[in-house]
Amino acid sequence: MKKISSALLLLFTLATVFAQKSQSLSSPDGKIQVKISLGETVQFEVLHEGRQIVSPSSPALILQNGKRLGKSPVLQTVQNRSVSDTIFPPVAIKRKVILDNFNELTLLFKGFFSLQFRAYDDGVAYRFLTHLPDSITVVNEVAEFKTDKSAQVWFPQVVKRDGVDIFHTSFEEPYQIKPLDSIAPEVLMFSPVLVDVGNGLRMVLTESDLEDYPGMFLSHVGSSLKGVFAPFPLQTKMTEGEFPAEVVTQRANFIARTSGKRSFPWRVMVLGDDKTLPSTDLIYRLASPNRLGDVSWIKPGRGTDEWIIDIALFNVPFKAGINTATYKYYIDFAKRFGLQRIMLDAGWSDVKDLFKINPNLNMEELTAYARSQGIGLSMWTLASTLERQLEPALDQFQRWGVDFIMTDFMDRDDQPMVNFYPKIAEACARRKVLVMFHGSFKPAGFERTYPNAITREGVLGSEYNAWSDKATPEHNVQQAFIRMVSGSLDYEPGLLDNGTKSTFRPIWGKVMSQGTRCHQLSMFLIYDSPVQVFSGNPSTGWQEPAFMELLGSIPTTWDETLVPAAVLGDYVVMARKKGDDWFIGGMNDWTAREISIPLDFLGEGNFDATICADGVNAEKVASDYLISAGVFSGKDELKIRLAPGGGYLARLRKK
């Protein structure tokens, strides 16, 4: 009896020790599993339907006192939590009701830190939490994601600028596609980065809830993609030139000084196939909730911008330029075609002084006219100038009735620059002003925490057509699967001069897009952005009222988002619902194709359709399109023909 008791005690002890050294977590649907093991380090691995996606990887946080959180961990407490919740976003970027279902495992270790893991049906995330007194200095963070060394990786590479270090970038580069083991170690990538993990499954590596901490770049080390973080700036200077910006001239040997009691950014592995990635809102779910309180004053919508076309208006009785007559023309255009705002881009003031107004502008006359037409004004600002003149500038904007601003040329994501974003968003919110960041890193969930930060750039967008051939249709399609996973993007589509693969030329002052007119139109539906900015030439738009009326009718927030058909980098077809109506958009690479979409998601009833499709001659004349009408029900199939570089848009209004 004593021998049996001793054996049982030994088995119990061994089981207890093993349980302390290993933990596991599954997604609500059971398809994703996270295994955590404790030894010399904390290690996690990720499996999908039993197949290893991320092999054992060891996260760590290295503090200045030599402490390495994650090394020789001593587990004290394990907390499990299952959440089935509902989020009602104040700005419905993809859907008005977000289901937030996950299982969570929090491991509290000796040394006053925790590691928290979450498993969702569409991905896995982990983060560090520290429970230390006073402030801490983080020397570095180890964020590694080990995967198959031959896996194909879609990544944007940072291109080093002359005179500054590698961490200065506008986060605007095309995607390269290479096997992991062929990417040179010195290549620095900015996230999101996509990895093909086989069997039709993709993994997007990025982050969420980025606050008071540098953003995560990635580099290739062995069989891993590893996080790289910009060191803390010690000294900065202002550059000269047309758009002065603050650049770092000396950096510290650490990445952040921050509170000892805090949660750190989520390291996120979004998992999905080509149909689920464009519609996921996992990054939003992981972010901190709205901190602004009542945000019922936020008004999404459509606007214009004149900078990309160099204000090359025609058939007008005035000299086009940065002047009162030009912006009145833009106001009339917005009013006619259902747009809510116009942008006054760079040049309305001295870039270094927001109170030195362009002498060709009569702001009192312009603001009065905008009010009389029910059109809002949006103002471009240089980030360094806005920060220096923030409070008085916002007071001036408020007097003018400006409810939306853009700020530009941050071009970094080290800790001080990351902290610039909430500072600006909070100041704008106090005046009920929306803000869009250009020259910016990806959103990383920021639009949930600060809903007035309505959209941002961090994407190689429409403007690149003016000086390069980088904004190809393939690149445009890729955005829906990679960059858009991290949040809203301000691409600024709508160019009305369009070129084929052979006829396109980058010409400043006569900018055209690559791909068809319908390709441009489809972006207003496919790209997430609660404020969509039309960058085309209104002089052309006036000549095509049916096209512009359709463009102006596309909502910018949605009740639901579905992806009936998609292949990474080739094409994407998206269906979005607003009220009883549906909008369906398709965007294509340079390969012509036809796609049939069952309309069973429409539900009961018949729908009157207005369809804008590539014209029969769009392969040669990219601006060729045809607007037609039809009647559909949920029993029908929609046949979509996409020209090379093509696009498609259908508006279905319930009868």
# chains A, B, ... in the order shown; residues from 1 in each chain; ligands from 1
>>> residues_around(residues="Ser224 of chain A", least_positions_apart="3", cutoff="7 Å", atoms="only C-alpha atoms", output="list in words")
Glu144, Phe145, Lys146, Thr147, His220 and Val221 of chain A
>>> residues_around(residues="segment 585-598 of chain A", least_positions_apart="2", cutoff="8 Å", atoms="only C-alpha atoms", output="number ranges by chain")
A: 472-474, 477, 501, 515, 519, 522-523, 525-526, 564-565, 569-575, 583, 600-601, 634-650
>>> atom_distance(atom1="atom CA of Gly630 of chain A", atom2="atom CA of Asp274 of chain A")
29.2 Å
>>> select_by_dssp(residues="segment 440-469 of chain A", states="strand (DSSP E)", output="list in words")
Ala453, Ile454, Thr455 and Arg456 of chain A
>>> atom_distance(atom1="atom CA of Asp559 of chain A", atom2="atom CA of Pro90 of chain A")
11.8 Å
>>> residues_around(residues="Leu271 of chain A", least_positions_apart="2", cutoff="9 Å", atoms="only C-alpha atoms", output="short mmCIF file (atom, residue, chain, number, x, y, z; two decimals) with N, CA, C and O atoms, in the first residue's frame")
data_model
loop_
_atom_site.label_atom_id
_atom_site.label_comp_id
_atom_site.auth_asym_id
_atom_site.auth_seq_id
_atom_site.Cartn_x
_atom_site.Cartn_y
_atom_site.Cartn_z
N HIS A 48 -1.81 24.62 -37.03
CA HIS A 48 -3.11 24.80 -37.66
C HIS A 48 -3.57 23.44 -38.15
O HIS A 48 -2.94 22.82 -39.01
N ASP A 121 -9.97 32.46 -34.02
CA ASP A 121 -10.16 31.60 -35.19
C ASP A 121 -9.35 32.09 -36.38
O ASP A 121 -9.12 31.32 -37.33
N ASP A 122 -8.92 33.35 -36.37
CA ASP A 122 -8.16 33.90 -37.49
C ASP A 122 -6.76 34.36 -37.09
O ASP A 122 -6.17 35.21 -37.77
N GLY A 123 -6.22 33.80 -36.01
CA GLY A 123 -4.84 34.15 -35.70
C GLY A 123 -4.47 33.99 -34.24
O GLY A 123 -5.30 33.61 -33.40
N VAL A 124 -3.22 34.28 -33.97
CA VAL A 124 -2.62 34.15 -32.64
C VAL A 124 -1.88 35.44 -32.33
O VAL A 124 -1.29 36.07 -33.22
N LEU A 201 -2.87 28.40 -46.88
CA LEU A 201 -2.92 29.23 -45.67
C LEU A 201 -1.83 30.29 -45.73
O LEU A 201 -0.69 30.00 -46.09
N ARG A 202 -2.19 31.50 -45.36
CA ARG A 202 -1.23 32.62 -45.29
C ARG A 202 -1.09 33.08 -43.85
O ARG A 202 -2.04 32.99 -43.06
N MET A 203 0.07 33.61 -43.54
CA MET A 203 0.29 34.20 -42.22
C MET A 203 0.80 35.62 -42.41
O MET A 203 1.79 35.84 -43.10
N VAL A 204 0.10 36.58 -41.82
CA VAL A 204 0.52 37.97 -41.87
C VAL A 204 1.10 38.34 -40.51
O VAL A 204 0.43 38.20 -39.48
N MET A 269 0.13 37.08 -35.36
CA MET A 269 0.23 36.16 -36.50
C MET A 269 -1.19 35.94 -37.01
O MET A 269 -1.93 35.11 -36.47
N ASP A 273 -6.96 32.30 -45.31
CA ASP A 273 -6.76 32.05 -46.73
C ASP A 273 -7.01 33.34 -47.49
O ASP A 273 -7.23 34.41 -46.91
N THR A 276 -10.26 35.20 -46.56
CA THR A 276 -10.48 35.74 -45.22
C THR A 276 -9.57 36.91 -44.88
O THR A 276 -9.96 37.80 -44.13
N LEU A 277 -8.36 36.95 -45.44
CA LEU A 277 -7.44 38.02 -45.06
C LEU A 277 -7.97 39.42 -45.37
O LEU A 277 -7.86 40.32 -44.54
#
>>> atom_distance(atom1="atom CA of Ser513 of chain A", atom2="atom CA of Arg341 of chain A")
23.0 Å
>>> residues_around(residues="segment 34-47 of chain A", least_positions_apart="6", cutoff="10 Å", atoms="only C-alpha atoms", output="PDB file with C-alpha atoms, in the first residue's frame")
ATOM      1  CA  PHE A  18       5.293  18.765 -16.620  1.00  0.00           C
ATOM      2  CA  ALA A  19       2.195  20.947 -16.403  1.00  0.00           C
ATOM      3  CA  GLN A  20       4.355  23.823 -15.155  1.00  0.00           C
ATOM      4  CA  LYS A  21       6.738  23.339 -18.071  1.00  0.00           C
ATOM      5  CA  SER A  22       4.084  23.124 -20.787  1.00  0.00           C
ATOM      6  CA  GLN A  23       0.833  24.908 -21.501  1.00  0.00           C
ATOM      7  CA  SER A  24      -1.487  24.914 -24.476  1.00  0.00           C
ATOM      8  CA  LEU A  25      -4.187  27.110 -25.918  1.00  0.00           C
ATOM      9  CA  SER A  26      -6.669  26.546 -28.738  1.00  0.00           C
ATOM     10  CA  SER A  27      -8.798  28.831 -30.859  1.00  0.00           C
ATOM     11  CA  ILE A  53       2.994  26.831 -38.796  1.00  0.00           C
ATOM     12  CA  VAL A  54       5.419  28.522 -36.397  1.00  0.00           C
ATOM     13  CA  SER A  55       8.096  26.265 -34.934  1.00  0.00           C
ATOM     14  CA  PRO A  56       9.350  26.839 -31.368  1.00  0.00           C
ATOM     15  CA  SER A  57      10.209  30.532 -31.015  1.00  0.00           C
ATOM     16  CA  SER A  58      11.496  32.332 -27.929  1.00  0.00           C
ATOM     17  CA  PRO A  59      10.170  35.823 -27.116  1.00  0.00           C
ATOM     18  CA  ALA A  60      12.089  37.953 -24.623  1.00  0.00           C
ATOM     19  CA  ARG A  68      16.115  39.238 -19.639  1.00  0.00           C
ATOM     20  CA  LEU A  69      12.394  38.608 -19.238  1.00  0.00           C
ATOM     21  CA  GLY A  70      11.796  35.165 -20.715  1.00  0.00           C
ATOM     22  CA  LYS A  71      15.118  33.600 -19.708  1.00  0.00           C
ATOM     23  CA  SER A  72      15.061  30.812 -17.081  1.00  0.00           C
ATOM     24  CA  PRO A  73      11.380  31.571 -16.390  1.00  0.00           C
ATOM     25  CA  VAL A  74       9.866  30.574 -13.058  1.00  0.00           C
ATOM     26  CA  LEU A  75       6.123  30.163 -13.448  1.00  0.00           C
ATOM     27  CA  LEU A 105      -3.700  32.203 -21.441  1.00  0.00           C
ATOM     28  CA  LEU A 107       1.495  33.155 -17.545  1.00  0.00           C
ATOM     29  CA  LEU A 115       3.293  36.634 -21.076  1.00  0.00           C
ATOM     30  CA  PHE A 117      -1.323  34.582 -25.410  1.00  0.00           C
ATOM     31  CA  ARG A 118      -4.595  34.761 -27.311  1.00  0.00           C
ATOM     32  CA  ALA A 119      -5.942  32.317 -29.857  1.00  0.00           C
ATOM     33  CA  GLY A 123      -4.836  34.154 -35.700  1.00  0.00           C
ATOM     34  CA  VAL A 124      -2.624  34.155 -32.644  1.00  0.00           C
ATOM     35  CA  ALA A 125      -1.164  37.024 -30.648  1.00  0.00           C
ATOM     36  CA  TYR A 126       1.082  37.385 -27.632  1.00  0.00           C
ATOM     37  CA  PHE A 145       8.701  33.806 -35.802  1.00  0.00           C
ATOM     38  CA  LYS A 146      10.349  30.586 -36.978  1.00  0.00           C
ATOM     39  CA  THR A 147       8.884  29.031 -40.081  1.00  0.00           C
ATOM     40  CA  MET A 269       0.228  36.161 -36.495  1.00  0.00           C
TER      41      MET A 269
END
>>> closest_atom_pairs(of="segment 223-281 of chain A", to="segment 92-99 of chain A", cutoff="12 Å", atoms="only C-alpha atoms", output="CSV")
residue,atom,partner,partner_atom,distance
A:Pro278,CA,A:Lys94,CA,9.8
A:Ser279,CA,A:Lys94,CA,7.1
A:Thr280,CA,A:Lys94,CA,8.4
A:Asp281,CA,A:Lys94,CA,7.5
>>> closest_residue(among="A:Gly487, A:Gly241, A:Pro214, A:Gly615", to="Pro416 of chain A", atoms="only C-alpha atoms")
A:Pro214
>>> closest_atom_pairs(of="segment 229-311 of chain A", to="segment 345-360 of chain A", cutoff="12 Å", atoms="only C-alpha atoms", output="CSV")
residue,atom,partner,partner_atom,distance
A:Met238,CA,A:Lys352,CA,11.5
A:Glu240,CA,A:Lys352,CA,11.0
A:Gly241,CA,A:Val351,CA,10.6
A:Glu242,CA,A:Val351,CA,8.1
A:Phe243,CA,A:Val351,CA,7.0
A:Pro244,CA,A:Lys352,CA,8.0
A:Ala245,CA,A:Lys352,CA,10.3
A:Thr304,CA,A:Asp345,CA,9.9
A:Asp305,CA,A:Asp345,CA,6.8
A:Glu306,CA,A:Asp345,CA,6.9
A:Trp307,CA,A:Asp345,CA,6.2
A:Ile308,CA,A:Asp345,CA,9.6
A:Ile309,CA,A:Asp345,CA,11.5
A:Asp310,CA,A:Asp345,CA,10.4
A:Ile311,CA,A:Asp345,CA,10.5
>>> select_by_dssp(residues="segment 300-527 of chain A", states="alpha helix (DSSP H)", output="number ranges by chain")
A: 324-336, 363-373, 383-388, 390-400, 415-430, 446-449, 473-481, 517-526
>>> closest_residue(among="A:Tyr421, A:Val91, A:His131, A:Ala256", to="Ser296 of chain A", atoms="only C-alpha atoms")
A:Val91
>>> residues_around(residues="Glu549 of chain A", least_positions_apart="3", cutoff="12 Å", atoms="only C-alpha atoms", output="VMD selection string")
chain A and resid 333 to 339 521 541 to 546 552 to 554 610 612 627 651
>>> closest_residue(among="A:Gln520, A:Gln479, A:Ser633, A:Asn606", to="Leu194 of chain A", atoms="only C-alpha atoms")
A:Gln479
>>> residues_around(residues="Gly376 of chain A", least_positions_apart="2", cutoff="8 Å", atoms="only C-alpha atoms", output="CSV table (one decimal) with C-alpha atoms, in the first residue's frame")
chain,number,residue,atom,x,y,z
A,340,GLN,CA,-18.6,65.7,-48.3
A,341,ARG,CA,-15.2,67.6,-48.2
A,342,ILE,CA,-12.5,69.1,-50.2
A,370,ALA,CA,-18.1,76.1,-48.2
A,371,ARG,CA,-20.6,76.5,-45.4
A,374,GLY,CA,-22.7,72.2,-47.0
A,378,SER,CA,-9.8,69.7,-44.9
A,401,GLY,CA,-15.2,75.2,-39.7
A,402,VAL,CA,-12.5,72.7,-40.6
A,403,ASP,CA,-13.4,69.3,-39.3
>>> closest_atom_pairs(of="segment 147-183 of chain A", to="segment 447-466 of chain A", cutoff="8 Å", atoms="only C-alpha atoms", output="JSON lines")
{"residue": "A:Ser170", "atom": "CA", "partner": "A:Gly458", "partner_atom": "CA", "distance": 6.7}
{"residue": "A:Phe171", "atom": "CA", "partner": "A:Gly458", "partner_atom": "CA", "distance": 5.1}
{"residue": "A:Glu172", "atom": "CA", "partner": "A:Leu460", "partner_atom": "CA", "distance": 4.3}
{"residue": "A:Glu173", "atom": "CA", "partner": "A:Leu460", "partner_atom": "CA", "distance": 5.7}
{"residue": "A:Pro174", "atom": "CA", "partner": "A:Leu460", "partner_atom": "CA", "distance": 6.8}
>>> write_last_selection(atoms="all heavy atoms", output="mmCIF file, in the first residue's frame")
data_model
loop_
_atom_site.group_PDB
_atom_site.id
_atom_site.type_symbol
_atom_site.label_atom_id
_atom_site.label_comp_id
_atom_site.auth_asym_id
_atom_site.auth_seq_id
_atom_site.Cartn_x
_atom_site.Cartn_y
_atom_site.Cartn_z
ATOM 1 N N SER A 170 9.080 56.388 -45.234
ATOM 2 C CA SER A 170 7.668 56.779 -45.303
ATOM 3 C C SER A 170 6.758 55.556 -45.333
ATOM 4 O O SER A 170 5.545 55.700 -45.440
ATOM 5 C CB SER A 170 7.414 57.637 -46.545
ATOM 6 O OG SER A 170 7.744 56.918 -47.717
ATOM 7 N N PHE A 171 7.344 54.355 -45.256
ATOM 8 C CA PHE A 171 6.572 53.109 -45.250
ATOM 9 C C PHE A 171 5.757 52.971 -46.532
ATOM 10 O O PHE A 171 4.600 52.587 -46.520
ATOM 11 C CB PHE A 171 5.679 53.026 -44.006
ATOM 12 C CG PHE A 171 6.452 53.180 -42.719
ATOM 13 C CD1 PHE A 171 6.661 54.447 -42.167
ATOM 14 C CD2 PHE A 171 7.000 52.088 -42.075
ATOM 15 C CE1 PHE A 171 7.388 54.604 -40.992
ATOM 16 C CE2 PHE A 171 7.740 52.237 -40.906
ATOM 17 C CZ PHE A 171 7.928 53.487 -40.365
ATOM 18 N N GLU A 172 6.413 53.273 -47.641
ATOM 19 C CA GLU A 172 5.788 53.217 -48.956
ATOM 20 C C GLU A 172 6.753 52.518 -49.913
ATOM 21 O O GLU A 172 7.600 53.175 -50.524
ATOM 22 C CB GLU A 172 5.486 54.630 -49.478
ATOM 23 C CG GLU A 172 4.567 55.444 -48.590
ATOM 24 C CD GLU A 172 4.555 56.924 -48.942
ATOM 25 O OE1 GLU A 172 5.315 57.350 -49.839
ATOM 26 O OE2 GLU A 172 3.793 57.666 -48.296
ATOM 27 N N GLU A 173 6.623 51.218 -50.041
ATOM 28 C CA GLU A 173 7.456 50.460 -50.961
ATOM 29 C C GLU A 173 6.622 49.342 -51.574
ATOM 30 O O GLU A 173 5.671 48.854 -50.954
ATOM 31 C CB GLU A 173 8.672 49.854 -50.238
ATOM 32 C CG GLU A 173 9.669 50.867 -49.699
ATOM 33 C CD GLU A 173 10.355 51.702 -50.764
ATOM 34 O OE1 GLU A 173 10.397 51.241 -51.933
ATOM 35 O OE2 GLU A 173 10.831 52.805 -50.451
ATOM 36 N N PRO A 174 6.976 48.908 -52.786
ATOM 37 C CA PRO A 174 6.280 47.753 -53.379
ATOM 38 C C PRO A 174 6.686 46.464 -52.672
ATOM 39 O O PRO A 174 7.722 46.405 -52.005
ATOM 40 C CB PRO A 174 6.763 47.765 -54.833
ATOM 41 C CG PRO A 174 8.090 48.453 -54.782
ATOM 42 C CD PRO A 174 7.995 49.469 -53.684
#
>>> closest_residue(among="A:Gln389, A:Glu207, A:Glu492, A:Cys428", to="Met343 of chain A", atoms="only C-alpha atoms")
A:Glu492
>>> closest_residue(among="A:Ile405, A:Ala618, A:Ala566, A:Ala613", to="Gly200 of chain A", atoms="only C-alpha atoms")
A:Ala566
